$ cat target-v7.csv   # CSV, C-alpha atoms
chain,number,residue,atom,x,y,z
A,1,MET,CA,101.3,95.5,78.8
A,2,ASN,CA,104.7,94.2,77.9
A,3,LEU,CA,105.9,90.6,78.5
A,4,PRO,CA,107.8,91.2,81.8
A,5,ASN,CA,104.6,92.9,83.3
A,6,LYS,CA,102.5,89.9,82.1
A,7,LEU,CA,104.9,87.5,83.8
A,8,THR,CA,104.6,89.7,87.0
A,9,SER,CA,100.8,89.7,86.8
A,10,SER,CA,100.8,85.9,86.3
A,11,ARG,CA,102.1,85.4,89.8
A,12,PHE,CA,98.9,86.7,91.3
A,13,PHE,CA,97.0,83.9,89.5
A,14,LEU,CA,99.7,81.4,90.5
A,15,ALA,CA,99.4,82.5,94.2
A,16,ALA,CA,95.7,81.8,94.1
A,17,LEU,CA,96.3,78.4,92.4
A,18,LEU,CA,99.0,77.5,95.0
A,19,MET,CA,96.6,78.1,97.9
A,20,VAL,CA,93.9,75.9,96.3
A,21,LEU,CA,96.4,73.1,95.7
A,22,LEU,CA,97.6,73.3,99.4
A,23,VAL,CA,94.1,73.0,100.9
A,24,VAL,CA,92.5,70.4,98.5
A,25,ASP,CA,93.4,66.7,98.9
A,26,PHE,CA,93.9,64.7,95.8
A,27,ARG,CA,96.8,62.7,94.4
A,28,PHE,CA,99.7,64.8,93.4
A,29,SER,CA,98.1,68.1,94.6
A,30,LYS,CA,101.2,68.9,96.7
A,31,THR,CA,103.6,68.0,93.8
A,32,LEU,CA,101.6,70.4,91.6
A,33,ALA,CA,101.8,73.0,94.4
A,34,LEU,CA,105.6,72.7,94.4
A,35,LEU,CA,105.7,73.0,90.6
A,36,VAL,CA,103.5,76.1,90.7
A,37,PHE,CA,105.8,77.8,93.2
A,38,ILE,CA,108.9,76.9,91.1
A,39,VAL,CA,107.2,78.3,88.0
A,40,ALA,CA,106.4,81.5,90.0
A,41,ALA,CA,110.0,81.8,91.1
A,42,LEU,CA,111.2,81.4,87.5
A,43,THR,CA,108.8,84.1,86.3
A,44,ASP,CA,110.2,86.4,89.0
A,45,TYR,CA,113.7,85.8,87.6
A,46,LEU,CA,112.6,86.1,84.0
A,47,ASP,CA,110.6,89.3,84.3
A,48,GLY,CA,113.5,91.1,85.9
A,49,GLN,CA,116.0,89.9,83.2
A,50,LEU,CA,113.6,90.8,80.4
A,51,ALA,CA,112.8,94.2,81.8
A,52,ARG,CA,116.4,95.2,82.3
A,53,LYS,CA,117.8,93.8,79.0
A,54,LYS,CA,115.1,94.1,76.4
A,55,TYR,CA,111.8,95.7,77.3
A,56,GLY,CA,112.8,98.4,79.8
A,57,VAL,CA,111.8,98.9,83.5
A,58,THR,CA,108.3,100.3,83.9
A,59,ASN,CA,106.6,102.0,86.9
A,60,PHE,CA,104.1,99.1,86.8
A,61,GLY,CA,106.9,96.6,87.2
A,62,LYS,CA,108.6,98.6,90.0
A,63,LEU,CA,105.3,98.6,92.0
A,64,MET,CA,103.8,95.2,91.1
A,65,ASP,CA,106.9,93.0,91.0
A,66,PRO,CA,107.8,93.1,94.7
A,67,LEU,CA,104.1,93.0,95.6
A,68,ALA,CA,103.6,89.9,93.5
A,69,ASP,CA,106.5,88.3,95.3
A,70,LYS,CA,105.0,89.1,98.7
A,71,VAL,CA,101.6,87.8,97.7
A,72,MET,CA,103.2,84.5,96.5
A,73,VAL,CA,105.1,84.0,99.8
A,74,CYS,CA,102.1,84.9,101.9
A,75,ALA,CA,99.9,82.5,99.9
A,76,ALA,CA,102.3,79.6,100.6
A,77,LEU,CA,102.7,80.5,104.3
A,78,VAL,CA,99.0,80.9,104.9
A,79,GLY,CA,98.4,77.6,103.2
A,80,PHE,CA,100.9,75.9,105.5
A,81,VAL,CA,99.0,77.1,108.5
A,82,GLU,CA,96.0,75.1,107.3
A,83,ILE,CA,98.0,71.9,107.0
A,84,ARG,CA,98.5,69.4,109.9
A,85,ILE,CA,100.7,66.4,109.3
A,86,HIS,CA,99.1,64.5,112.2
A,87,PRO,CA,95.3,64.7,112.7
A,88,GLY,CA,94.6,67.0,115.6
A,89,GLY,CA,98.2,68.1,115.8
A,90,PRO,CA,99.7,71.5,115.5
A,91,SER,CA,99.8,73.5,112.2
A,92,LEU,CA,102.7,72.7,109.9
A,93,VAL,CA,103.6,76.4,110.2
A,94,PRO,CA,102.4,78.3,113.3
A,95,ALA,CA,100.2,81.3,112.6
A,96,PHE,CA,102.4,83.7,114.6
A,97,VAL,CA,105.2,83.0,112.1
A,98,VAL,CA,103.1,84.2,109.3
A,99,VAL,CA,101.9,87.2,111.2
A,100,ILE,CA,105.6,88.2,111.9
A,101,ILE,CA,106.6,87.9,108.3
A,102,ILE,CA,103.5,89.7,106.9
A,103,ALA,CA,103.8,92.5,109.5
A,104,ARG,CA,107.5,93.0,108.5
A,105,GLU,CA,106.5,93.3,104.8
A,106,PHE,CA,103.7,95.8,105.6
A,107,LEU,CA,106.1,97.9,107.7
A,108,VAL,CA,108.8,98.0,105.1
A,109,THR,CA,106.3,98.7,102.3
A,110,GLY,CA,105.0,101.6,104.4
A,111,LEU,CA,108.5,102.9,104.9
A,112,ARG,CA,109.1,102.8,101.1
A,113,LEU,CA,105.8,104.7,100.5
A,114,LEU,CA,107.0,107.3,103.0
A,115,ALA,CA,110.3,107.6,101.1
A,116,ALA,CA,108.4,107.8,97.8
A,117,SER,CA,106.4,110.7,99.1
A,118,GLN,CA,109.6,112.5,99.7
A,119,GLY,CA,111.0,111.7,96.2
A,120,LYS,CA,113.3,109.0,97.4
A,121,VAL,CA,113.7,105.3,96.4
A,122,LEU,CA,114.6,102.7,99.0
A,123,ALA,CA,116.4,99.7,97.5
A,124,ALA,CA,116.4,96.3,99.2
A,125,GLY,CA,119.5,95.9,101.3
A,126,ASN,CA,121.7,92.7,101.5
A,127,TRP,CA,119.8,91.5,104.6
A,128,GLY,CA,116.5,91.9,102.7
A,129,LYS,CA,117.9,89.8,99.9
A,130,HIS,CA,119.0,87.1,102.4
A,131,LYS,CA,115.5,87.2,103.9
A,132,THR,CA,113.9,86.6,100.5
A,133,ALA,CA,116.4,83.8,99.7
A,134,TRP,CA,115.7,82.0,103.0
A,135,GLN,CA,111.9,82.4,102.5
A,136,MET,CA,112.2,80.7,99.1
A,137,ILE,CA,114.4,77.9,100.5
A,138,ALA,CA,112.1,77.3,103.4
A,139,ILE,CA,108.9,77.3,101.3
A,140,ILE,CA,110.4,75.0,98.6
A,141,TRP,CA,111.7,72.6,101.3
A,142,THR,CA,108.2,72.5,102.9
A,143,LEU,CA,106.5,71.9,99.6
A,144,ALA,CA,109.0,69.2,98.6
A,145,GLY,CA,108.4,67.5,101.9
A,146,LEU,CA,104.6,67.6,101.5
A,147,ALA,CA,105.0,66.2,97.9
A,148,LEU,CA,107.2,63.4,99.3
A,149,LEU,CA,104.7,62.5,102.0
A,150,HIS,CA,101.4,62.9,100.1
A,151,ASP,CA,102.4,61.9,96.6
A,152,ILE,CA,105.6,59.9,96.3
A,153,LEU,CA,106.1,57.7,99.4
A,154,PRO,CA,103.7,54.9,99.8
A,155,ALA,CA,102.4,54.2,103.3
A,156,GLY,CA,105.0,52.2,105.2
A,157,GLU,CA,108.0,52.4,107.5
A,158,LEU,CA,109.8,55.1,105.4
A,159,HIS,CA,106.6,57.1,105.2
A,160,GLY,CA,106.3,57.0,109.0
A,161,GLN,CA,109.9,58.1,109.5
A,162,VAL,CA,109.5,61.1,107.2
A,163,GLN,CA,106.2,62.0,108.7
A,164,GLN,CA,107.9,62.0,112.1
A,165,TRP,CA,110.9,64.3,111.4
A,166,PHE,CA,109.4,66.5,108.6
A,167,PRO,CA,107.5,68.9,110.9
A,168,TYR,CA,110.6,69.5,113.0
A,169,SER,CA,112.6,70.3,109.9
A,170,VAL,CA,109.9,72.8,108.8
A,171,TRP,CA,109.8,74.5,112.2
A,172,ALA,CA,113.6,74.8,112.2
A,173,ALA,CA,113.6,76.3,108.7
A,174,MET,CA,110.8,78.8,109.7
A,175,ALA,CA,112.7,79.7,112.9
A,176,VAL,CA,115.7,80.8,110.7
A,177,VAL,CA,113.3,82.7,108.4
A,178,VAL,CA,111.6,84.5,111.3
A,179,ALA,CA,115.0,85.4,112.8
A,180,ILE,CA,116.3,86.8,109.5
A,181,THR,CA,113.0,88.6,108.9
A,182,VAL,CA,113.1,90.4,112.2
A,183,ILE,CA,116.8,91.2,112.0
A,184,SER,CA,116.6,92.5,108.4
A,185,GLY,CA,113.5,94.6,109.2
A,186,GLY,CA,115.3,96.1,112.3
A,187,ILE,CA,118.4,96.9,110.3
A,188,TYR,CA,116.3,98.4,107.5
A,189,PHE,CA,114.5,100.7,109.9
A,190,TYR,CA,117.7,101.6,111.7
A,191,GLU,CA,119.4,102.7,108.5
A,192,GLN,CA,116.4,104.9,107.6
A,193,ARG,CA,115.9,106.3,111.1
A,194,HIS,CA,116.8,109.9,110.1
A,195,MET,CA,114.1,109.9,107.4
A,196,ILE,CA,111.5,108.5,109.9
A,197,LEU,CA,112.5,111.1,112.5
A,198,GLU,CA,112.3,113.9,110.0
A,199,SER,CA,108.8,112.8,108.9
A,200,SER,CA,107.4,112.5,112.5
$ encode --input "target-v7.csv" --output "structure tokens"
Amino acid sequence: MNLPNKLTSSRFFLAALLMVLLVVDFRFSKTLALLVFIVAALTDYLDGQLARKKYGVTNFGKLMDPLADKVMVCAALVGFVEIRIHPGGPSLVPAFVVVIIIAREFLVTGLRLLAASQGKVLAAGNWGKHKTAWQMIAIIWTLAGLALLHDILPAGELHGQVQQWFPYSVWAAMAVVVAITVISGGIYFYEQRHMILESS
């Protein structure tokens, strides 16, 4: 296994570590979760650069790189569902948001498998790239806010103010992510409608 593929594989371990850090409660656990996600994002960038410029693109990388990205994003979002900023309050991220995002990924993956069975390769479109970028922004924003609340700000007036507005900022960010997720998925399927009709 070459270096890019090792970096890709490491994201599965980092995804598991991220979920643990999100559900446990000790000092700086949320800051560590933020750092783990940033490291995972860096490995995503590095494995692509190394594969294209030095080691070569492999079939393993083509399959596992996007899968590792999806597992990392899903790990963060599922972890957010378990978090409540106020005791007895709503989830930091509603479960239906995670279901919509995961469902879209399953559907697009299924479409790519259908294309592969016909000897075709479906590349990610511009909307898909925007979707991924917004997912990363929303997750990093959420993790940074959690780190601020749990690890950095002492209890006090400022802590209370952040605690009050932070959930609304997360819901707004996730609303943008859901909208782009649905739109990008719809466009992707519309562009491939002829292949779907031919296969049905």
$ atom_distance --input "target-v7.csv" --atom1 "CA of Val98 in chain A" --atom2 "CA of Met64 in chain A"
21.3 Å
$ residues_around --input "target-v7.csv" --residues "range 161-163 of chain A" --least-positions-apart "4" --cutoff "9 Å" --atoms "all atoms listed in the file" --output "list in words"
Ile85, His86, Gly145, Leu148, Leu149, Gly156, Glu157 and Pro167 of chain A
$ closest_residue --input "target-v7.csv" --among "A:His194, A:Glu105, A:Gly48, A:Ser91" --to "Thr132 in chain A" --atoms "all atoms listed in the file"
A:Glu105
$ residues_near_point --input "target-v7.csv" --point "(110.3, 84.6, 87.5)" --cutoff "12 Å" --atoms "only C-alpha atoms" --output "count of residues only"
31
$ closest_residue --input "target-v7.csv" --among "A:Met174, A:Cys74, A:Ile196, A:Ile83" --to "Gln118 in chain A" --atoms "all atoms listed in the file"
A:Ile196
$ atom_distance --input "target-v7.csv" --atom1 "CA of Ala172 in chain A" --atom2 "CA of Ile152 in chain A"
23.2 Å
$ residues_around --input "target-v7.csv" --residues "Val108 in chain A" --least-positions-apart "6" --cutoff "9 Å" --atoms "only C-alpha atoms" --output "list in words"
Gly185, Tyr188 and Phe189 of chain A
$ closest_residue --input "target-v7.csv" --among "A:Glu198, A:Glu191, A:Asp151, A:Glu82" --to "Leu34 in chain A" --atoms "all atoms listed in the file"
A:Asp151
$ closest_residue --input "target-v7.csv" --among "A:Phe166, A:Val57, A:Phe13, A:Leu35" --to "Arg84 in chain A" --atoms "all atoms listed in the file"
A:Phe166
$ atom_distance --input "target-v7.csv" --atom1 "CA of Gly79 in chain A" --atom2 "CA of His130 in chain A"
22.7 Å
$ residues_near_point --input "target-v7.csv" --point "(99.5, 73.8, 108.8)" --cutoff "12 Å" --atoms "all atoms listed in the file" --output "number ranges by chain"
A: 22-23, 76-98, 142-143, 146, 167, 170-171
